[in-house]
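I have placed the structure first, in the form of structure tokens, so that the comments after it can refer back to it.
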Amino acid sequence: MEVTCLLLLALIPFHCRGQGVYAPAQAQIVHAGQACVVKEDNISERVYTIREGDTLMLQCLVTGHPRPQVRWTKTAGSASDKFQETSVFNETLRIERIARTQGGRYYCKAENGVGVPAIKSIRVDVQYLDEPVLTVHQTVSDVRGNFYQEKTVFLRCTVNSNPPARFIWKRGSDTLSHSQDNGVDIYEPLYTQGETKVLKLKNLRPQDYASYTCQVSVRNVCGIPDKAITFRLTNTTAPPALKLSVNETLVVNPGENVTVQCLLTGGDPLPQLQWSHGPGPLPLGALAQGGTLSIPSVQARDSGYYNCTATNNVGNPAKKTVNLLVRSMKNATFQITPDVIKESENIQLGQDLKLSCHVDAVPQEKVTYQWFKNGKPARMSKRLLVTRNDPELPAVTSSLELIDLHFSDYGTYLCMASFPGAPVPDLSVEVNISSETVPPTISVPKGRAVVTVREGSPAELQCEVRGKPRPPVLWSRVDKEAALLPSGLPLEETPDGKLRLERVSRDMSGTYRCQTARYNGFNVRPREAQVQLNVQFPPEVEPSSQDVRQALGRPVLLRCSLLRGSPQRIASAVWRFKGQLLPPPPVVPAAEAPDHAELHLDAVTRDSSGSYECSVSNDVGSAACLFQVSAKAYSPEFYFDTPNPTRSHKLSKNYSYVLQWTQREPDAVDPVLNYRLSVRQLNQHNAVVKAIPVRRVEKGQLLEYILTDLRVPHSYEVRLTPYTTFGAGDMASRIIHYTEHNTCHFEDEKICGYTQDLTDNFDWTRQNALTQNPKRSPNTGPPTDISGTPEGYYMFIETSRPRELGDRARLVSPLYNASAKFYCVSFFYHMYGKHIGSLNLLVRSRNKGALDTHAWSLSGNKGNVWQQAHVPINPSGPFQIIFEGVRGSGYLGDIAIDDVTLKKGECPRKQMDPNKVVVMPGSGAPCQSSPQLWGPMAIFLLALQR
């Protein structure tokens with residue numbers, strides 16, 4: 001008969017139905033790390049407080065299928081914090097040694113392609129307390145004419161902190177208070193935002209000369225200790241005063257050794273001296289010792305401002321500045337300016353002419369110029385004038401003006417610049433004036449107006465300048481969006497008119513302008529021309545790589561498209577299959593050259609599956625599109641939201657795991673016939689492999705397999721591979737861990753983090769059959785826990801004296817961060833005895849303060865049996881569950897609970913009889929048995945048994 005039943009059961013068909021488990025991402029931020037305080041008063045404005053230097057750790061708990069990808073971003077922080085410009089793709093965000101600039105709002109964005117992304121945020125408040133700074137300021141004022149003077153002292157204490165610090169002023173060991181006498185005033189200056197407190201000593205008295213301490217405190221938040229600074233006020237306290245051993249402007253020759261002394265002339269306490277240089281640091285080799293600054297063999301680059309600063313926190317810092325000028329000259333230039341009044345651009349006899357000469361010098365105003373004509377000093381006359389500082393020219397420019405130009409004025413003019421008496425070489429520039437001296441013209445050589453080169457090659461742009469003298473050529477870019485030259489400068493000078501570019505890139509393409517300079521030639525309207533640079537570069541194509549899946553026997557079209565390139569056309573396209581050349585496609589006329597290449601496959605077969613490459617060329621280079629064509633099934637998508645997937649007996653050394661998944665795009669290829677399951681314990685090499693047969697798999701259908709005989713507490717790697725008529729598909733893997741945090745068996749003395757409520761009347765007791773009182777009251781309480789073994793523990797309330805009617809015992813769970821909308825609390829209860837009171841389940845919401853709400857209640861005698869309850873709850877934020885036992889009218893009223901489980905999701909619709917043995921399937925065939933057939937089949941089996 002048993003064999004007949006087994007055969008009949010084997011005939012029962014299985015019905016697989018798509019459950020549509022694809023769901024948009026949901027997210028919840030939970031916190032760990034070294035948090036000081038996490039305010040849960042308003043879930044939309046959660047604040048995570050942490051001490052500077054500690055470790056920040058935030059975790060984004062996500063639900064949704066497929067498994068959402070998590071990205072962390074940040075805003076509302078310091079501009080110097082670069083985190084907001086990047087993203088962290090990880091469910092856990094960890095920042096070691098967090099800095100104050102890293103405070104702000106952190107966003108967790110979870111998305112899986114289904115619906116809209118889920119975005120949650122939490123504000124991180126970094127707390128710190130710096131060392132306080134104490135400064136002293138003194139004022140003296142006349143009172144009643146000139147009879148006597150009052151001296152007032154302000155002790156100003158400033159500190160950077162978060163939260164704002166509390167200030168305490170002390171004189172010696174005595175704490176000072178505001179207006180404790182007429183001589184003391186404590187106040188906060190305007191606009192300091194709580195960062196400063198001032199102690200004002202009015203009309204200084206002898207007793208005011210003492211030690212003053214400013215103590216700052218953030219009231220021990222995050223364990224930050226108080227800090228303090230002390231200042232000794234005496235009748236000699238004074239701000240620093242300085243004088244220099246040299247003039248404020250010091251002009252020296254290159255190569256000299258420079259020594260500057262900064263001398264203290266006052267200050268108590270003794271001020272500290274410091275040298276600085278602007279711009280930039282002190283020169284290499286410079287030595288600053290106290291108030292002495294030494295610079296050996298000074299050079300022109302060492303010119304600048306040198307600052308000596310003295311501080312003693314009394315009054316304002318004293319500062320003296322030396323402007324060091326090292327004599328130097330460079331860049332001698334000249335200009336030829338025809339008669340401005342006649343608006344002429346040519347040199348003409350009978351008109352005026354001006355020659356100008358300029359050098360860049362330090363100090364500029366000390367430069368002297370001397371003019372020579374044909375090697376002899378130029379003689380001044382009514383027609384030959386020398387002027388300085390022409391307003392139309394750069395400062396300190398010497399100009400030689402020739403009035404009513406004569407033929408005898410033609411010749412060679414030389415301008416010499418020098419520093420009289422200084423060992424700095426003279427600079428000179430020569431200008432030739434003759435009938436051949438003509439203004440410049442500029443043009444682009446024939447065939448050079450458009451320059452075409454390949455990316456990575458050198459390029460040369462050329463403009464020809466004619467005229468005498470020939471000025472240098474200035475190059476710039478015409479394109480507004482590309483204002484800078486490849487050198488990074490807006491203008492670049494070339495003496496020969498050629499702009500040379502090394503290793504050009506595509507962004508260098510565009511129009512370049514060449515123009516004559518106004519110096520070293522004629523000071524007239526610049527002449528200009530343009531050169532077009534075309535940079536050719538290889539094509540860019542898409543897709544660079546594409547995975548093409550198709551069922552066996554179906555056609556496939558492969559397309560490789562040209563995105564950009566120079567030239568923007570396909571010159572040739574070559575297809576390869578597994579590295580072997582394929583016949584060339586039909587030739588397309590040049591005028592009709594498409595921007596893509598195509599390959600048609602009539603049918604996908606095992607022989608035609610593999611790697612296809614399309615190499616596209618535009619005569620400059622080539623790029624390739626890669627296609628992987630196959631009929632392989634896509635990878636499975638593991639389901640991570642299985643409620644309470646770990647199943648174990650409280651005394652067993654094995655556990656089982658409910659593995660669930662969906663199949664990605666099952667209709668894209670041939671139907672999945674079975675799955676190959678590989679299970680390997682971590683740190684072990686051997687794996688258990690098993691085939692799981694399936695029937696028609698639909699998109700969104702949740703498949704399930706129960707892994708059994710897993711060893712507590714080991715973790716395992718699970719690999720799942722789909723198989724079709726084509727063969728093996730893509731494998732997916734995940735790590736499963738033994739977790740028992742959702743179910744509490746009370747076997748541990750720590751009772752899973754549950755605590756006794758301090759506001760109740762008495763406590764719950766943990767015991768088992770071996771530790772219970774042998775003289776306990778009969779006909780009440782359970783003999784063992786739910787497992788039926790004497791070693792198993794449970795929690796119960798003892799209602800014997802001194803307990804009274806209505807006394808309550810409360811057992812409070814740890815705080816749970818709500819990461820789902822619905823939860824189910826399952827537990828076993830034992831309520832046996834004629835004086836049984838009530839068992840209540842409460843939910844304490846921590847969303848807006850602590851608020852307890854009743855979720856479930858049961859009263860009276862329920863018999864000497866363990867029974868199970870499933871209580872649905874939907875917390876709006878972080879929450880705790882509370883088991884409340886209420887004492888009845890007498891001592892025969894013990895109540896017990898065991899095996900408390902908290903699961904995400906809704907509770908089962910039908911509660912399971914706890915006294916029936918439920919056999920979990922050893923191999924979870926991913927199908928559901930059809931409920932329509934169980935009724936008739938059960939009647940048929942009963943008839944056979946009779």
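Each chain of the structure tokens is named A, B, ... in the order shown, its residues numbered from 1; ligands are numbered from 1 in display order.
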Shell of 10 Å around Leu201 (chain A), only C-alpha atoms, local chain residues under 4 positions omitted, as a ChimeraX atom specification: /A:138,151-155,182-186,205,208
Picked from region 333-542 of chain A by DSSP as strand (DSSP E or B), as a count of residues only: 105
Between CA of Leu805 (chain A) and CA of Gln868 (chain A), distance in Å (one decimal): 25.9 Å
Contacts of Asp268 (chain A) at 9 Å (only C-alpha atoms; same-chain gap of 6+ positions) as an MDAnalysis selection string: chainID A and resid 234 236:240 312 314
Resulting file, chosen residues, C-alpha atoms, as an mmCIF file, in the first residue's frame:
```cif
data_model
loop_
_atom_site.group_PDB
_atom_site.id
_atom_site.type_symbol
_atom_site.label_atom_id
_atom_site.label_comp_id
_atom_site.auth_asym_id
_atom_site.auth_seq_id
_atom_site.Cartn_x
_atom_site.Cartn_y
_atom_site.Cartn_z
ATOM 1 C CA THR A 234 50.460 92.003 35.185
ATOM 2 C CA THR A 236 53.706 95.299 32.588
ATOM 3 C CA THR A 237 51.446 93.447 30.093
ATOM 4 C CA ALA A 238 51.891 95.149 26.732
ATOM 5 C CA PRO A 239 51.482 94.401 23.023
ATOM 6 C CA PRO A 240 54.537 93.717 20.838
ATOM 7 C CA ASN A 312 52.171 87.561 22.226
ATOM 8 C CA VAL A 314 48.250 91.012 23.667
#
```
Region 594-599 of chain A environment, 9 Å, only C-alpha atoms, sequence neighbours closer than 3 positions dropped, as a list of chain:residue names: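 What passes the distance filter is A:Val541, A:Val556, A:Leu557, A:Leu558, A:Arg559, A:Cys560, A:Ser561, A:Leu562, A:Leu563, A:Gln568, A:Arg569, A:Ile570, A:Ala573, A:Val574, A:Trp575, A:Pro585, A:Val588, A:Ala590, A:Ala591, A:Cys614, A:Val616.
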Long-range neighbours of Pro539 (chain A) as a VMD selection string, 7 Å cut-off, only C-alpha atoms, 6 positions minimum in chain: chain A and resid 562 564 to 565 617 to 618 621 to 623
Export of prior selection with all heavy atoms as a short mmCIF file (atom, residue, chain, number, x, y, z; two decimals), in the first residue's frame:
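Listing of result.cif after writing:
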```
data_model
loop_
_atom_site.label_atom_id
_atom_site.label_comp_id
_atom_site.auth_asym_id
_atom_site.auth_seq_id
_atom_site.Cartn_x
_atom_site.Cartn_y
_atom_site.Cartn_z
N LEU A 562 29.39 54.12 -36.53
CA LEU A 562 30.44 55.11 -36.36
C LEU A 562 29.88 56.29 -35.55
O LEU A 562 28.94 56.96 -35.97
CB LEU A 562 30.93 55.59 -37.73
CG LEU A 562 31.98 56.70 -37.72
CD1 LEU A 562 33.28 56.21 -37.10
CD2 LEU A 562 32.23 57.21 -39.14
N ARG A 564 32.01 58.94 -34.07
CA ARG A 564 32.76 60.12 -34.47
C ARG A 564 34.10 59.67 -35.02
O ARG A 564 34.56 58.56 -34.78
CB ARG A 564 32.95 61.08 -33.29
CG ARG A 564 33.69 60.51 -32.12
CD ARG A 564 33.69 61.43 -30.93
NE ARG A 564 32.34 61.62 -30.41
CZ ARG A 564 31.77 60.81 -29.53
NH1 ARG A 564 32.43 59.75 -29.07
NH2 ARG A 564 30.55 61.03 -29.10
N GLY A 565 34.72 60.57 -35.74
CA GLY A 565 36.02 60.31 -36.33
C GLY A 565 36.33 61.41 -37.32
O GLY A 565 35.47 62.19 -37.71
N SER A 617 37.42 51.26 -40.41
CA SER A 617 38.53 52.16 -40.67
C SER A 617 38.02 53.41 -41.37
O SER A 617 37.05 53.37 -42.13
CB SER A 617 39.58 51.47 -41.54
OG SER A 617 40.57 52.38 -41.96
N ASN A 618 38.72 54.55 -41.10
CA ASN A 618 38.42 55.80 -41.82
C ASN A 618 39.68 56.37 -42.47
O ASN A 618 39.83 57.57 -42.62
CB ASN A 618 37.79 56.83 -40.89
CG ASN A 618 38.77 57.31 -39.82
OD1 ASN A 618 39.82 56.70 -39.61
ND2 ASN A 618 38.43 58.39 -39.13
N GLY A 621 42.80 55.44 -38.95
CA GLY A 621 42.96 54.36 -37.99
C GLY A 621 41.72 53.50 -38.01
O GLY A 621 40.86 53.63 -38.90
N SER A 622 41.62 52.63 -37.06
CA SER A 622 40.48 51.72 -37.02
C SER A 622 40.04 51.51 -35.59
O SER A 622 40.76 51.78 -34.63
CB SER A 622 40.84 50.38 -37.67
OG SER A 622 41.91 49.76 -36.97
N ALA A 623 38.83 51.04 -35.46
CA ALA A 623 38.25 50.67 -34.17
C ALA A 623 37.38 49.45 -34.40
O ALA A 623 36.97 49.17 -35.54
CB ALA A 623 37.45 51.81 -33.56
#
```
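If you look at CA of Asn112 (chain A) and CA of Thr646 (chain A), they are 25.0 Å away from each other.
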Residue with smallest distance to Ser381 (chain A) - pool A:Ile442, A:Leu673, A:Ile735, A:Leu400, counting only C-alpha atoms: A:Leu400
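The spacing separating CA of Val679 (chain A) from CA of Arg734 (chain A) amounts to 10.1 Å.
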Among listed residues A:Asn323, A:Lys632, A:Pro425, A:Gln335, nearest Pro254 (chain A) (using only C-alpha atoms):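 So, comparing all the options, the nearest one is A:Pro425.
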Gly103 (chain A) environment, 6 Å, only C-alpha atoms, sequence neighbours closer than 2 positions dropped, as an NGL selection string: :A and (77 or 100-101 or 124-126)
May I have the residues from that selection written out with N, CA and C atoms, as an mmCIF file, in the first residue's frame?
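Writing done, so here's out_8.cif:
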```cif
data_model
loop_
_atom_site.group_PDB
_atom_site.id
_atom_site.type_symbol
_atom_site.label_atom_id
_atom_site.label_comp_id
_atom_site.auth_asym_id
_atom_site.auth_seq_id
_atom_site.Cartn_x
_atom_site.Cartn_y
_atom_site.Cartn_z
ATOM 1 N N GLY A 77 28.204 69.928 2.612
ATOM 2 C CA GLY A 77 29.426 69.915 3.394
ATOM 3 C C GLY A 77 30.342 71.034 2.975
ATOM 4 N N ARG A 100 35.991 67.327 10.239
ATOM 5 C CA ARG A 100 34.831 68.214 10.389
ATOM 6 C C ARG A 100 34.265 68.641 9.044
ATOM 7 N N THR A 101 35.128 68.744 8.029
ATOM 8 C CA THR A 101 34.648 69.137 6.710
ATOM 9 C C THR A 101 33.821 68.047 6.044
ATOM 10 N N VAL A 124 25.012 63.885 8.958
ATOM 11 C CA VAL A 124 26.131 63.546 9.834
ATOM 12 C C VAL A 124 26.672 64.832 10.445
ATOM 13 N N ASP A 125 26.683 64.879 11.758
ATOM 14 C CA ASP A 125 27.155 66.050 12.487
ATOM 15 C C ASP A 125 28.464 65.676 13.180
ATOM 16 N N VAL A 126 29.581 66.220 12.704
ATOM 17 C CA VAL A 126 30.895 65.914 13.268
ATOM 18 C C VAL A 126 31.185 66.907 14.390
#
```
Exercise: region 407-422 of chain A partners within 7 Å, only C-alpha atoms, chain neighbours under 2 positions left out, as a PyMOL selection string: chain A and resi 253+349+357+366-374+405+424+426-434
Selection from above, C-alpha atoms, as a PDB file, in the first residue's frame, can you write it?
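Result file follows (result35.pdb):
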```pdb
ATOM      1  CA  ASN A 253      72.498  93.796  -6.518  1.00  0.00           C
ATOM      2  CA  LEU A 349      59.985 112.710 -45.144  1.00  0.00           C
ATOM      3  CA  CYS A 357      62.555 101.803 -26.155  1.00  0.00           C
ATOM      4  CA  LYS A 366      65.843 103.510 -11.648  1.00  0.00           C
ATOM      5  CA  VAL A 367      66.534 102.568 -15.286  1.00  0.00           C
ATOM      6  CA  THR A 368      68.313 105.175 -17.422  1.00  0.00           C
ATOM      7  CA  TYR A 369      68.229 105.214 -21.205  1.00  0.00           C
ATOM      8  CA  GLN A 370      70.777 106.596 -23.668  1.00  0.00           C
ATOM      9  CA  TRP A 371      70.281 107.021 -27.434  1.00  0.00           C
ATOM     10  CA  PHE A 372      72.949 106.654 -30.098  1.00  0.00           C
ATOM     11  CA  LYS A 373      72.846 107.410 -33.836  1.00  0.00           C
ATOM     12  CA  ASN A 374      75.285 105.586 -36.057  1.00  0.00           C
ATOM     13  CA  LEU A 405      61.922 113.975 -40.768  1.00  0.00           C
ATOM     14  CA  VAL A 424      74.060  94.703 -13.871  1.00  0.00           C
ATOM     15  CA  ASP A 426      73.409  96.923 -19.906  1.00  0.00           C
ATOM     16  CA  LEU A 427      70.692  96.015 -22.414  1.00  0.00           C
ATOM     17  CA  SER A 428      70.403  97.596 -25.837  1.00  0.00           C
ATOM     18  CA  VAL A 429      68.199  97.375 -28.895  1.00  0.00           C
ATOM     19  CA  GLU A 430      68.928  98.657 -32.423  1.00  0.00           C
ATOM     20  CA  VAL A 431      66.550 100.299 -34.929  1.00  0.00           C
ATOM     21  CA  ASN A 432      67.366 101.109 -38.580  1.00  0.00           C
ATOM     22  CA  ILE A 433      65.491 103.985 -40.198  1.00  0.00           C
ATOM     23  CA  SER A 434      65.726 104.361 -43.995  1.00  0.00           C
TER      24      SER A 434
END
```
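Nearest to Arg500 (chain A) of all the residues A:Asn389, A:Ser457, A:Asn674, A:Gln530 is A:Ser457, based on only C-alpha atoms.
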Sel. of helix (DSSP H, G or I) residues, region 550-753 of chain A, as JSON, numbers by chain: {"A": [590, 591, 592, 666, 667, 668, 751, 752, 753]}
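Distance check against Gly700 (chain A) using only C-alpha atoms: of A:Leu582, A:Ala23, A:Val450, A:Ala110, the minimum falls on A:Ala23.
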Given only C-alpha atoms as the counted atoms, nearest of A:Gly497, A:Gly172, A:Pro164, A:Pro526 to Thr441 (chain A): A:Pro526
